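This is protein.pdb. It holds PDB, C-alpha atoms and all ligand atoms.
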ATOM      1  CA  MET A   1     -42.718 -24.308  30.297
ATOM      2  CA  ALA A   2     -39.317 -25.551  29.310
ATOM      3  CA  THR A   3     -36.638 -22.977  29.833
ATOM      4  CA  THR A   4     -33.721 -22.907  27.495
ATOM      5  CA  ILE A   5     -30.785 -21.290  29.103
ATOM      6  CA  SER A   6     -28.697 -19.460  26.634
ATOM      7  CA  LEU A   7     -25.059 -18.967  27.597
ATOM      8  CA  ARG A   8     -25.159 -15.471  26.245
ATOM      9  CA  LYS A   9     -27.930 -14.566  28.659
ATOM     10  CA  ILE A  10     -25.844 -15.386  31.675
ATOM     11  CA  PRO A  11     -23.234 -12.751  32.375
ATOM     12  CA  GLY A  12     -19.844 -14.181  33.128
ATOM     13  CA  THR A  13     -20.580 -17.667  31.805
ATOM     14  CA  SER A  14     -18.441 -17.190  28.738
ATOM     15  CA  LEU A  15     -15.673 -16.016  30.967
ATOM     16  CA  LEU A  16     -16.116 -19.061  33.197
ATOM     17  CA  LEU A  17     -16.070 -21.313  30.169
ATOM     18  CA  PHE A  18     -12.923 -19.624  28.954
ATOM     19  CA  PHE A  19     -11.177 -20.235  32.279
ATOM     20  CA  ALA A  20     -12.405 -23.813  32.384
ATOM     21  CA  ILE A  21     -10.964 -24.509  28.914
ATOM     22  CA  ALA A  22      -7.767 -22.642  29.716
ATOM     23  CA  GLY A  23      -7.498 -24.667  32.925
ATOM     24  CA  VAL A  24      -7.899 -27.968  31.090
ATOM     25  CA  MET A  25      -5.370 -26.867  28.478
ATOM     26  CA  THR A  26      -2.844 -25.836  31.128
ATOM     27  CA  PHE A  27      -3.365 -29.111  32.922
ATOM     28  CA  SER A  28      -2.879 -31.194  29.807
ATOM     29  CA  THR A  29       0.220 -29.232  28.766
ATOM     30  CA  ALA A  30       1.677 -29.757  32.237
ATOM     31  CA  GLN A  31       0.740 -33.427  32.024
ATOM     32  CA  GLU A  32       2.367 -33.759  28.589
ATOM     33  CA  LYS A  33       5.503 -32.054  29.876
ATOM     34  CA  LYS A  34       5.592 -34.397  32.851
ATOM     35  CA  GLU A  35       5.089 -37.435  30.649
ATOM     36  CA  SER A  36       7.724 -36.417  28.127
ATOM     37  CA  LYS A  37      10.129 -35.757  31.003
ATOM     38  CA  GLU A  38       9.410 -39.151  32.516
ATOM     39  CA  ASN A  39       9.925 -40.725  29.131
ATOM     40  CA  SER A  40      13.288 -39.112  28.506
ATOM     41  CA  LEU A  41      16.151 -41.487  27.862
ATOM     42  CA  TYR A  42      17.688 -40.141  31.072
ATOM     43  CA  ASP A  43      14.678 -41.316  33.088
ATOM     44  CA  ARG A  44      14.364 -44.628  31.285
ATOM     45  CA  LEU A  45      18.002 -45.348  32.092
ATOM     46  CA  GLY A  46      17.259 -44.706  35.757
ATOM     47  CA  GLY A  47      18.702 -41.209  36.181
ATOM     48  CA  THR A  48      22.053 -39.898  37.353
ATOM     49  CA  TYR A  49      23.127 -42.728  39.667
ATOM     50  CA  ALA A  50      22.318 -45.464  37.159
ATOM     51  CA  ILE A  51      24.119 -43.574  34.386
ATOM     52  CA  ALA A  52      27.132 -42.919  36.630
ATOM     53  CA  THR A  53      27.291 -46.640  37.451
ATOM     54  CA  VAL A  54      27.404 -47.628  33.779
ATOM     55  CA  VAL A  55      29.959 -44.895  32.985
ATOM     56  CA  ASP A  56      32.117 -46.087  35.885
ATOM     57  CA  ASP A  57      32.160 -49.647  34.525
ATOM     58  CA  PHE A  58      32.713 -48.414  30.963
ATOM     59  CA  ILE A  59      35.712 -46.197  31.819
ATOM     60  CA  GLU A  60      37.256 -49.009  33.894
ATOM     61  CA  ARG A  61      37.046 -51.262  30.839
ATOM     62  CA  LEU A  62      38.554 -48.622  28.541
ATOM     63  CA  LEU A  63      41.490 -48.062  30.886
ATOM     64  CA  VAL A  64      42.654 -51.665  30.589
ATOM     65  CA  ASN A  65      41.815 -52.132  26.898
ATOM     66  CA  ASP A  66      44.982 -53.296  25.100
ATOM     67  CA  ILE A  67      43.944 -51.857  21.722
ATOM     68  CA  LEU A  68      43.473 -48.390  23.244
ATOM     69  CA  ASN A  69      46.568 -48.530  25.412
ATOM     70  CA  ALA A  70      48.715 -49.478  22.398
ATOM     71  CA  ASN A  71      48.153 -45.901  21.187
ATOM     72  CA  PRO A  72      50.855 -43.847  22.994
ATOM     73  CA  ALA A  73      48.759 -40.647  22.910
ATOM     74  CA  ILE A  74      45.797 -42.354  24.577
ATOM     75  CA  LYS A  75      48.071 -44.076  27.096
ATOM     76  CA  GLU A  76      49.753 -40.765  27.969
ATOM     77  CA  ALA A  77      46.394 -39.040  28.493
ATOM     78  CA  ARG A  78      45.038 -41.964  30.529
ATOM     79  CA  ASP A  79      48.042 -41.746  32.867
ATOM     80  CA  ARG A  80      47.761 -37.966  33.127
ATOM     81  CA  VAL A  81      44.016 -37.355  33.477
ATOM     82  CA  PRO A  82      42.517 -38.205  36.898
ATOM     83  CA  LYS A  83      40.081 -41.118  36.462
ATOM     84  CA  PRO A  84      37.338 -39.705  38.772
ATOM     85  CA  GLY A  85      37.381 -36.450  36.803
ATOM     86  CA  LEU A  86      36.959 -38.228  33.481
ATOM     87  CA  LYS A  87      34.139 -40.363  34.876
ATOM     88  CA  TYR A  88      32.462 -37.226  36.238
ATOM     89  CA  ARG A  89      32.701 -35.394  32.921
ATOM     90  CA  VAL A  90      31.437 -38.327  30.839
ATOM     91  CA  THR A  91      28.572 -38.863  33.309
ATOM     92  CA  ALA A  92      27.567 -35.191  33.144
ATOM     93  CA  LEU A  93      27.679 -35.284  29.346
ATOM     94  CA  VAL A  94      25.566 -38.438  29.090
ATOM     95  CA  CYS A  95      23.057 -37.081  31.629
ATOM     96  CA  GLN A  96      22.742 -33.806  29.737
ATOM     97  CA  VAL A  97      22.317 -35.276  26.260
ATOM     98  CA  THR A  98      19.781 -37.862  27.450
ATOM     99  CA  GLY A  99      17.563 -35.176  29.002
ATOM    100  CA  GLY A 100      18.809 -34.984  32.581
ATOM    101  CA  PRO A 101      19.326 -31.833  34.667
ATOM    102  CA  GLU A 102      23.159 -31.981  34.639
ATOM    103  CA  LYS A 103      25.145 -29.441  32.678
ATOM    104  CA  TYR A 104      28.272 -30.626  30.900
ATOM    105  CA  ALA A 105      31.043 -28.080  31.449
ATOM    106  CA  GLY A 106      33.912 -29.849  29.679
ATOM    107  CA  ARG A 107      35.517 -29.276  26.305
ATOM    108  CA  SER A 108      33.943 -30.214  22.982
ATOM    109  CA  MET A 109      34.496 -33.742  21.674
ATOM    110  CA  LYS A 110      36.765 -32.385  18.949
ATOM    111  CA  GLU A 111      38.839 -30.336  21.371
ATOM    112  CA  SER A 112      39.241 -33.102  23.959
ATOM    113  CA  HIS A 113      40.208 -35.866  21.507
ATOM    114  CA  LYS A 114      42.090 -34.196  18.653
ATOM    115  CA  HIS A 115      45.549 -34.924  20.149
ATOM    116  CA  LEU A 116      44.741 -38.619  20.641
ATOM    117  CA  ASN A 117      44.936 -39.668  16.985
ATOM    118  CA  ILE A 118      42.066 -42.137  17.430
ATOM    119  CA  SER A 119      41.692 -44.744  14.675
ATOM    120  CA  GLU A 120      38.694 -46.699  13.379
ATOM    121  CA  ARG A 121      40.005 -49.792  15.138
ATOM    122  CA  GLU A 122      40.231 -47.948  18.447
ATOM    123  CA  TRP A 123      36.730 -46.567  17.901
ATOM    124  CA  GLN A 124      35.460 -50.122  17.377
ATOM    125  CA  ALA A 125      37.223 -51.184  20.581
ATOM    126  CA  LEU A 126      35.337 -48.447  22.455
ATOM    127  CA  LEU A 127      31.998 -49.582  20.970
ATOM    128  CA  ASP A 128      32.710 -53.200  21.988
ATOM    129  CA  GLU A 129      33.466 -52.149  25.575
ATOM    130  CA  PHE A 130      30.385 -49.927  25.633
ATOM    131  CA  LYS A 131      28.216 -52.863  24.575
ATOM    132  CA  MET A 132      29.756 -55.002  27.328
ATOM    133  CA  SER A 133      28.927 -52.352  29.946
ATOM    134  CA  LEU A 134      25.357 -51.926  28.714
ATOM    135  CA  ASP A 135      24.814 -55.700  28.711
ATOM    136  CA  THR A 136      26.336 -56.015  32.187
ATOM    137  CA  PHE A 137      23.686 -53.648  33.547
ATOM    138  CA  LYS A 138      20.941 -55.150  31.380
ATOM    139  CA  VAL A 139      20.115 -51.901  29.618
ATOM    140  CA  PRO A 140      17.159 -52.771  27.309
ATOM    141  CA  ALA A 141      17.693 -52.996  23.527
ATOM    142  CA  LYS A 142      15.737 -49.795  22.737
ATOM    143  CA  GLU A 143      17.751 -47.689  25.175
ATOM    144  CA  GLN A 144      21.001 -49.293  23.956
ATOM    145  CA  GLN A 145      20.085 -48.335  20.407
ATOM    146  CA  GLU A 146      19.445 -44.722  21.432
ATOM    147  CA  LEU A 147      22.731 -44.559  23.338
ATOM    148  CA  PHE A 148      24.676 -45.981  20.387
ATOM    149  CA  ALA A 149      23.079 -43.366  18.126
ATOM    150  CA  ILE A 150      24.298 -40.636  20.494
ATOM    151  CA  VAL A 151      27.814 -42.084  20.739
ATOM    152  CA  ASN A 152      28.021 -42.616  16.975
ATOM    153  CA  SER A 153      27.013 -39.002  16.367
ATOM    154  CA  THR A 154      30.293 -37.960  18.030
ATOM    155  CA  LYS A 155      32.457 -40.182  15.803
ATOM    156  CA  PRO A 156      33.321 -37.552  13.139
ATOM    157  CA  ASP A 157      34.712 -35.316  15.905
ATOM    158  CA  ILE A 158      36.678 -38.081  17.593
ATOM    159  CA  VAL A 159      38.084 -40.423  14.936
ATOM    160  CA  VAL A 160      40.810 -38.660  13.024
ATOM    161  CA  SER A 161      43.026 -41.428  11.742
ATOM    162  CA  LYS A 162      41.604 -43.962   9.322
ATOM    163  CA  SER A 163      44.954 -45.151   8.055
ATOM    164  CA  SER A 164      47.901 -47.308   9.219
ATOM    165  CA  LYS A 165      46.661 -48.723  12.569
ATOM    166  CA  LYS A 166      44.317 -51.449  11.355
TER     167      LYS A 166
HETATM  168  C1  LIG Q 201      38.025 -44.512  21.072
HETATM  169  C2  LIG Q 201      37.314 -43.481  21.537
HETATM  170  C3  LIG Q 201      37.736 -42.627  22.721
HETATM  171  C4  LIG Q 201      38.908 -42.571  23.400
HETATM  172  C5  LIG Q 201      40.174 -43.380  23.178
HETATM  173  C6  LIG Q 201      38.777 -41.531  24.402
HETATM  174  C7  LIG Q 201      39.750 -41.148  25.289
HETATM  175  C8  LIG Q 201      39.731 -39.999  26.047
HETATM  176  C9  LIG Q 201      40.838 -39.449  26.787
HETATM  177  C10 LIG Q 201      42.212 -40.077  26.882
HETATM  178  C11 LIG Q 201      40.425 -38.292  27.355
HETATM  179  C12 LIG Q 201      41.266 -37.306  28.168
HETATM  180  C13 LIG Q 201      41.926 -36.375  27.173
HETATM  181  C14 LIG Q 201      42.782 -35.293  27.790
HETATM  182  O1  LIG Q 201      42.295 -34.582  28.704
HETATM  183  O2  LIG Q 201      43.927 -35.122  27.333
HETATM  184  C15 LIG Q 201      39.036 -38.124  27.005
HETATM  185  C16 LIG Q 201      38.233 -37.088  27.416
HETATM  186  C17 LIG Q 201      36.866 -37.094  27.316
HETATM  187  N1  LIG Q 201      36.111 -37.957  26.555
HETATM  188 FE1  LIG Q 201      36.823 -39.459  25.431
HETATM  189  N2  LIG Q 201      37.519 -41.004  24.329
HETATM  190  C18 LIG Q 201      36.840 -41.659  23.328
HETATM  191  C19 LIG Q 201      35.529 -41.445  22.966
HETATM  192  C20 LIG Q 201      34.656 -40.673  23.675
HETATM  193  C21 LIG Q 201      33.224 -40.633  23.475
HETATM  194  C22 LIG Q 201      32.470 -41.471  22.447
HETATM  195  C23 LIG Q 201      32.733 -39.754  24.387
HETATM  196  C24 LIG Q 201      31.301 -39.331  24.640
HETATM  197  C25 LIG Q 201      30.306 -39.515  23.827
HETATM  198  C26 LIG Q 201      33.826 -39.220  25.136
HETATM  199  C27 LIG Q 201      33.736 -38.279  26.127
HETATM  200  C28 LIG Q 201      34.805 -37.644  26.712
HETATM  201  C29 LIG Q 201      34.681 -36.532  27.639
HETATM  202  C30 LIG Q 201      33.402 -35.885  28.115
HETATM  203  C31 LIG Q 201      35.984 -36.169  28.003
HETATM  204  C32 LIG Q 201      36.383 -35.051  28.988
HETATM  205  C33 LIG Q 201      36.642 -33.738  28.250
HETATM  206  C34 LIG Q 201      37.081 -32.646  29.211
HETATM  207  O3  LIG Q 201      37.544 -32.933  30.314
HETATM  208  O4  LIG Q 201      36.968 -31.459  28.841
HETATM  209  N3  LIG Q 201      34.972 -39.803  24.679
HETATM  210  N4  LIG Q 201      38.642 -39.163  26.204
END

Would you mind writing the file's structure down as C-alpha cells?
Ligand code: HEM
Amino acid sequence: MATTISLRKIPGTSLLLFFAIAGVMTFSTAQEKKESKENSLYDRLGGTYAIATVVDDFIERLLVNDILNANPAIKEARDRVPKPGLKYRVTALVCQVTGGPEKYAGRSMKESHKHLNISEREWQALLDEFKMSLDTFKVPAKEQQELFAIVNSTKPDIVVSKSSKK
C-alpha cells in the first residue's frame, strides 16, 4: 500500500520547513549584501589604498596647475593648508561616498570652498586634471563616469563665480 505522507500529520515538520525557508532567505540576503558590497564603486576602484593613490596624484597636479594658482584665494589656501591633510580629507570623502568604511569628518563642500571664488574655468581645469589622474591609473570608463558624476554633483556648492575670469 502506498503511503502518502501529509506534512500536517507530522508534528514539527511545518516548523522545520519554516526554519529551512528562513535559513535560505537569510543566506540569500547575506549573499546579496556581500555582492552589493563587493560591487560598490569603492571596491571596484580597489579600496582605500588605490583611492588614496589616485587622490595623491590628483592633488599633486592641482597644486602646480597654473590656472588654479592664478587665483590668489586658491594660491593662498594652497600655501596655508598642509598638503597631507588635504589629501587625507579628500581620500576619506571619496572612500565614504563610493561606499567604503571611511567617515569624512571635514567641512561641507560649500563651507570649505566659499572663500576661494572658484570660476567655471578653474572648475574645468580641475576636471581636466582629474581625467589625467584617472587615465594614469587606468581607471575603467564605467568607474570614471561614476566618479565624474559624483564630482559634478558638488559643482553647485563649489563654483561661485561665473563671470570675469574666462
Ligand atoms: C576647482 C575646484 C577646486 C578647488 C580649486 C579646490 C581647492 C581647495 C582648497 C584650496 C582647499 C583648502 C581650503 C581651506 O582650507 O581654506 C580645499 C579643501 C577641500 N576640498 Fe577642494 N577644491 C576644488 C574642488 C573640490 C572637489 C570637486 C572636491 C571633492 C569632490 C573637493 C574636496 C575638498 C575637501 C574634502 C577639502 C577639505 C575640507 C576640510 O578640510 O574641511 N574639492 N579645496

Give me, as JSON lines, the closest atom pair and its distance (Å, one decimal) for every residue of chain A within a cut-off of 9 Å of ligand LIG 201 (chain Q), counting all atoms listed in the file, rows sorted by chain and rising number.
{"residue": "A:Leu62", "atom": "CA", "partner": "Q:LIG201", "partner_atom": "C5", "distance": 7.7}
{"residue": "A:Leu63", "atom": "CA", "partner": "Q:LIG201", "partner_atom": "C10", "distance": 9.0}
{"residue": "A:Leu68", "atom": "CA", "partner": "Q:LIG201", "partner_atom": "C5", "distance": 6.0}
{"residue": "A:Asn69", "atom": "CA", "partner": "Q:LIG201", "partner_atom": "C5", "distance": 8.5}
{"residue": "A:Asn71", "atom": "CA", "partner": "Q:LIG201", "partner_atom": "C5", "distance": 8.6}
{"residue": "A:Ala73", "atom": "CA", "partner": "Q:LIG201", "partner_atom": "C10", "distance": 7.7}
{"residue": "A:Ile74", "atom": "CA", "partner": "Q:LIG201", "partner_atom": "C10", "distance": 4.8}
{"residue": "A:Lys75", "atom": "CA", "partner": "Q:LIG201", "partner_atom": "C10", "distance": 7.1}
{"residue": "A:Glu76", "atom": "CA", "partner": "Q:LIG201", "partner_atom": "C10", "distance": 7.6}
{"residue": "A:Ala77", "atom": "CA", "partner": "Q:LIG201", "partner_atom": "C10", "distance": 4.6}
{"residue": "A:Arg78", "atom": "CA", "partner": "Q:LIG201", "partner_atom": "C10", "distance": 5.0}
{"residue": "A:Asp79", "atom": "CA", "partner": "Q:LIG201", "partner_atom": "C10", "distance": 8.5}
{"residue": "A:Arg80", "atom": "CA", "partner": "Q:LIG201", "partner_atom": "O2", "distance": 7.5}
{"residue": "A:Val81", "atom": "CA", "partner": "Q:LIG201", "partner_atom": "O1", "distance": 5.8}
{"residue": "A:Pro82", "atom": "CA", "partner": "Q:LIG201", "partner_atom": "C12", "distance": 8.9}
{"residue": "A:Gly85", "atom": "CA", "partner": "Q:LIG201", "partner_atom": "O3", "distance": 7.4}
{"residue": "A:Leu86", "atom": "CA", "partner": "Q:LIG201", "partner_atom": "C32", "distance": 5.5}
{"residue": "A:Lys87", "atom": "CA", "partner": "Q:LIG201", "partner_atom": "C30", "distance": 8.1}
{"residue": "A:Tyr88", "atom": "CA", "partner": "Q:LIG201", "partner_atom": "C30", "distance": 8.3}
{"residue": "A:Arg89", "atom": "CA", "partner": "Q:LIG201", "partner_atom": "C30", "distance": 4.9}
{"residue": "A:Val90", "atom": "CA", "partner": "Q:LIG201", "partner_atom": "C30", "distance": 4.2}
{"residue": "A:Thr91", "atom": "CA", "partner": "Q:LIG201", "partner_atom": "C30", "distance": 7.7}
{"residue": "A:Ala92", "atom": "CA", "partner": "Q:LIG201", "partner_atom": "C30", "distance": 7.7}
{"residue": "A:Leu93", "atom": "CA", "partner": "Q:LIG201", "partner_atom": "C30", "distance": 5.9}
{"residue": "A:Val94", "atom": "CA", "partner": "Q:LIG201", "partner_atom": "C25", "distance": 7.2}
{"residue": "A:Tyr104", "atom": "CA", "partner": "Q:LIG201", "partner_atom": "C30", "distance": 7.9}
{"residue": "A:Ala105", "atom": "CA", "partner": "Q:LIG201", "partner_atom": "O4", "distance": 7.3}
{"residue": "A:Gly106", "atom": "CA", "partner": "Q:LIG201", "partner_atom": "O4", "distance": 3.6}
{"residue": "A:Arg107", "atom": "CA", "partner": "Q:LIG201", "partner_atom": "O4", "distance": 3.6}
{"residue": "A:Ser108", "atom": "CA", "partner": "Q:LIG201", "partner_atom": "O4", "distance": 6.7}
{"residue": "A:Met109", "atom": "CA", "partner": "Q:LIG201", "partner_atom": "C28", "distance": 6.4}
{"residue": "A:Glu111", "atom": "CA", "partner": "Q:LIG201", "partner_atom": "O4", "distance": 7.8}
{"residue": "A:Ser112", "atom": "CA", "partner": "Q:LIG201", "partner_atom": "C33", "distance": 5.1}
{"residue": "A:His113", "atom": "CA", "partner": "Q:LIG201", "partner_atom": "C13", "distance": 5.9}
{"residue": "A:Lys114", "atom": "CA", "partner": "Q:LIG201", "partner_atom": "C13", "distance": 8.8}
{"residue": "A:His115", "atom": "CA", "partner": "Q:LIG201", "partner_atom": "O2", "distance": 7.4}
{"residue": "A:Leu116", "atom": "CA", "partner": "Q:LIG201", "partner_atom": "C10", "distance": 6.9}
{"residue": "A:Asn117", "atom": "CA", "partner": "Q:LIG201", "partner_atom": "C5", "distance": 8.6}
{"residue": "A:Ile118", "atom": "CA", "partner": "Q:LIG201", "partner_atom": "C1", "distance": 5.9}
{"residue": "A:Ser119", "atom": "CA", "partner": "Q:LIG201", "partner_atom": "C1", "distance": 7.4}
{"residue": "A:Glu120", "atom": "CA", "partner": "Q:LIG201", "partner_atom": "C1", "distance": 8.0}
{"residue": "A:Arg121", "atom": "CA", "partner": "Q:LIG201", "partner_atom": "C1", "distance": 8.2}
{"residue": "A:Glu122", "atom": "CA", "partner": "Q:LIG201", "partner_atom": "C1", "distance": 4.9}
{"residue": "A:Trp123", "atom": "CA", "partner": "Q:LIG201", "partner_atom": "C1", "distance": 4.0}
{"residue": "A:Gln124", "atom": "CA", "partner": "Q:LIG201", "partner_atom": "C1", "distance": 7.2}
{"residue": "A:Ala125", "atom": "CA", "partner": "Q:LIG201", "partner_atom": "C1", "distance": 6.7}
{"residue": "A:Leu126", "atom": "CA", "partner": "Q:LIG201", "partner_atom": "C1", "distance": 5.0}
{"residue": "A:Leu127", "atom": "CA", "partner": "Q:LIG201", "partner_atom": "C1", "distance": 7.9}
{"residue": "A:Ile150", "atom": "CA", "partner": "Q:LIG201", "partner_atom": "C25", "distance": 7.0}
{"residue": "A:Val151", "atom": "CA", "partner": "Q:LIG201", "partner_atom": "C25", "distance": 4.7}
{"residue": "A:Asn152", "atom": "CA", "partner": "Q:LIG201", "partner_atom": "C22", "distance": 7.1}
{"residue": "A:Ser153", "atom": "CA", "partner": "Q:LIG201", "partner_atom": "C25", "distance": 8.2}
{"residue": "A:Thr154", "atom": "CA", "partner": "Q:LIG201", "partner_atom": "C25", "distance": 6.0}
{"residue": "A:Lys155", "atom": "CA", "partner": "Q:LIG201", "partner_atom": "C22", "distance": 6.8}
{"residue": "A:Ile158", "atom": "CA", "partner": "Q:LIG201", "partner_atom": "C19", "distance": 6.4}
{"residue": "A:Val159", "atom": "CA", "partner": "Q:LIG201", "partner_atom": "C2", "distance": 7.3}

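Between atom CA of Val97 of chain A and atom CA of Asp66 of chain A the separation is 29.0 Å.
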
Exactly which residues make up the result of the PyMOL selection byres (((chain A and resi 134) around 10) and not hetatm) on this file, given as a PDB file with C-alpha atoms, in the coordinates of the input?
ATOM      1  CA  VAL A  54      27.404 -47.628  33.779  1.00  0.00           C
ATOM      2  CA  VAL A  55      29.959 -44.895  32.985  1.00  0.00           C
ATOM      3  CA  ASP A  57      32.160 -49.647  34.525  1.00  0.00           C
ATOM      4  CA  PHE A  58      32.713 -48.414  30.963  1.00  0.00           C
ATOM      5  CA  GLU A 129      33.466 -52.149  25.575  1.00  0.00           C
ATOM      6  CA  PHE A 130      30.385 -49.927  25.633  1.00  0.00           C
ATOM      7  CA  LYS A 131      28.216 -52.863  24.575  1.00  0.00           C
ATOM      8  CA  MET A 132      29.756 -55.002  27.328  1.00  0.00           C
ATOM      9  CA  SER A 133      28.927 -52.352  29.946  1.00  0.00           C
ATOM     10  CA  ASP A 135      24.814 -55.700  28.711  1.00  0.00           C
ATOM     11  CA  THR A 136      26.336 -56.015  32.187  1.00  0.00           C
ATOM     12  CA  PHE A 137      23.686 -53.648  33.547  1.00  0.00           C
ATOM     13  CA  LYS A 138      20.941 -55.150  31.380  1.00  0.00           C
ATOM     14  CA  VAL A 139      20.115 -51.901  29.618  1.00  0.00           C
ATOM     15  CA  PRO A 140      17.159 -52.771  27.309  1.00  0.00           C
ATOM     16  CA  ALA A 141      17.693 -52.996  23.527  1.00  0.00           C
ATOM     17  CA  GLU A 143      17.751 -47.689  25.175  1.00  0.00           C
ATOM     18  CA  GLN A 144      21.001 -49.293  23.956  1.00  0.00           C
ATOM     19  CA  LEU A 147      22.731 -44.559  23.338  1.00  0.00           C
TER      20      LEU A 147
END

Atomic distance atom CA of Glu60 of chain A - atom CA of Leu45 of chain A, expressed in Å with one decimal: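 Between atom CA of Glu60 of chain A and atom CA of Leu45 of chain A the gap works out to 19.7 Å.
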
Edge lengths and centre in Å to one decimal, as JSON, of the axis-aligned box that encloses all listed atoms of segment 62-76 of chain A with 3 Å added on every side?
{"center_x": 44.7, "center_y": -47.0, "center_z": 26.0, "size_x": 18.3, "size_y": 18.6, "size_z": 15.7}

Could you work out how far atom CA of Phe148 of chain A lies from atom CA of Pro84 of chain A, giving the answer in Å with one decimal?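 Separating atom CA of Pro84 of chain A from atom CA of Phe148 of chain A is a distance of 23.2 Å.
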
Counting only C-alpha atoms, closest pick from A:Glu146, A:Val64, A:Gly100, A:Pro156 relative to Asp43 of chain A is A:Gly100

Any chance you could model N, CA and C atoms for segment 112-134 of chain A and send them as a short mmCIF file (atom, residue, chain, number, x, y, z; two decimals), in the frame of the given file?
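Ended up saving to rebuild.cif:
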data_model
loop_
_atom_site.label_atom_id
_atom_site.label_comp_id
_atom_site.auth_asym_id
_atom_site.auth_seq_id
_atom_site.Cartn_x
_atom_site.Cartn_y
_atom_site.Cartn_z
N SER A 112 38.67 -32.20 22.94
CA SER A 112 39.24 -33.10 23.96
C SER A 112 39.85 -34.37 23.38
N HIS A 113 39.66 -34.62 22.07
CA HIS A 113 40.21 -35.87 21.51
C HIS A 113 41.17 -35.66 20.34
N LYS A 114 41.32 -34.42 19.89
CA LYS A 114 42.09 -34.20 18.65
C LYS A 114 43.56 -34.64 18.77
N HIS A 115 44.14 -34.55 19.96
CA HIS A 115 45.55 -34.92 20.15
C HIS A 115 45.74 -36.43 20.33
N LEU A 116 44.64 -37.18 20.33
CA LEU A 116 44.74 -38.62 20.64
C LEU A 116 44.89 -39.50 19.41
N ASN A 117 44.74 -38.93 18.23
CA ASN A 117 44.94 -39.67 16.98
C ASN A 117 44.17 -41.00 16.98
N ILE A 118 42.90 -40.93 17.27
CA ILE A 118 42.07 -42.14 17.43
C ILE A 118 41.68 -42.74 16.07
N SER A 119 41.94 -44.04 15.95
CA SER A 119 41.69 -44.74 14.68
C SER A 119 40.33 -45.44 14.69
N GLU A 120 39.94 -45.92 13.52
CA GLU A 120 38.69 -46.70 13.38
C GLU A 120 38.72 -47.92 14.30
N ARG A 121 39.88 -48.57 14.32
CA ARG A 121 40.01 -49.79 15.14
C ARG A 121 39.82 -49.47 16.62
N GLU A 122 40.38 -48.36 17.05
CA GLU A 122 40.23 -47.95 18.45
C GLU A 122 38.77 -47.56 18.75
N TRP A 123 38.14 -46.92 17.76
CA TRP A 123 36.73 -46.57 17.90
C TRP A 123 35.89 -47.83 18.10
N GLN A 124 36.19 -48.85 17.27
CA GLN A 124 35.46 -50.12 17.38
C GLN A 124 35.67 -50.76 18.75
N ALA A 125 36.92 -50.62 19.25
CA ALA A 125 37.22 -51.18 20.58
C ALA A 125 36.36 -50.50 21.64
N LEU A 126 36.18 -49.19 21.51
CA LEU A 126 35.34 -48.45 22.46
C LEU A 126 33.89 -48.93 22.37
N LEU A 127 33.39 -49.13 21.13
CA LEU A 127 32.00 -49.58 20.97
C LEU A 127 31.80 -50.96 21.60
N ASP A 128 32.81 -51.85 21.42
CA ASP A 128 32.71 -53.20 21.99
C ASP A 128 32.64 -53.14 23.52
N GLU A 129 33.47 -52.28 24.10
CA GLU A 129 33.47 -52.15 25.58
C GLU A 129 32.15 -51.52 26.05
N PHE A 130 31.65 -50.59 25.28
CA PHE A 130 30.38 -49.93 25.63
C PHE A 130 29.26 -50.96 25.68
N LYS A 131 29.24 -51.82 24.66
CA LYS A 131 28.22 -52.86 24.58
C LYS A 131 28.31 -53.80 25.79
N MET A 132 29.55 -54.12 26.17
CA MET A 132 29.76 -55.00 27.33
C MET A 132 29.18 -54.36 28.60
N SER A 133 29.44 -53.05 28.76
CA SER A 133 28.93 -52.35 29.95
C SER A 133 27.40 -52.33 29.95
N LEU A 134 26.82 -52.01 28.78
CA LEU A 134 25.36 -51.93 28.71
C LEU A 134 24.72 -53.29 28.99
#
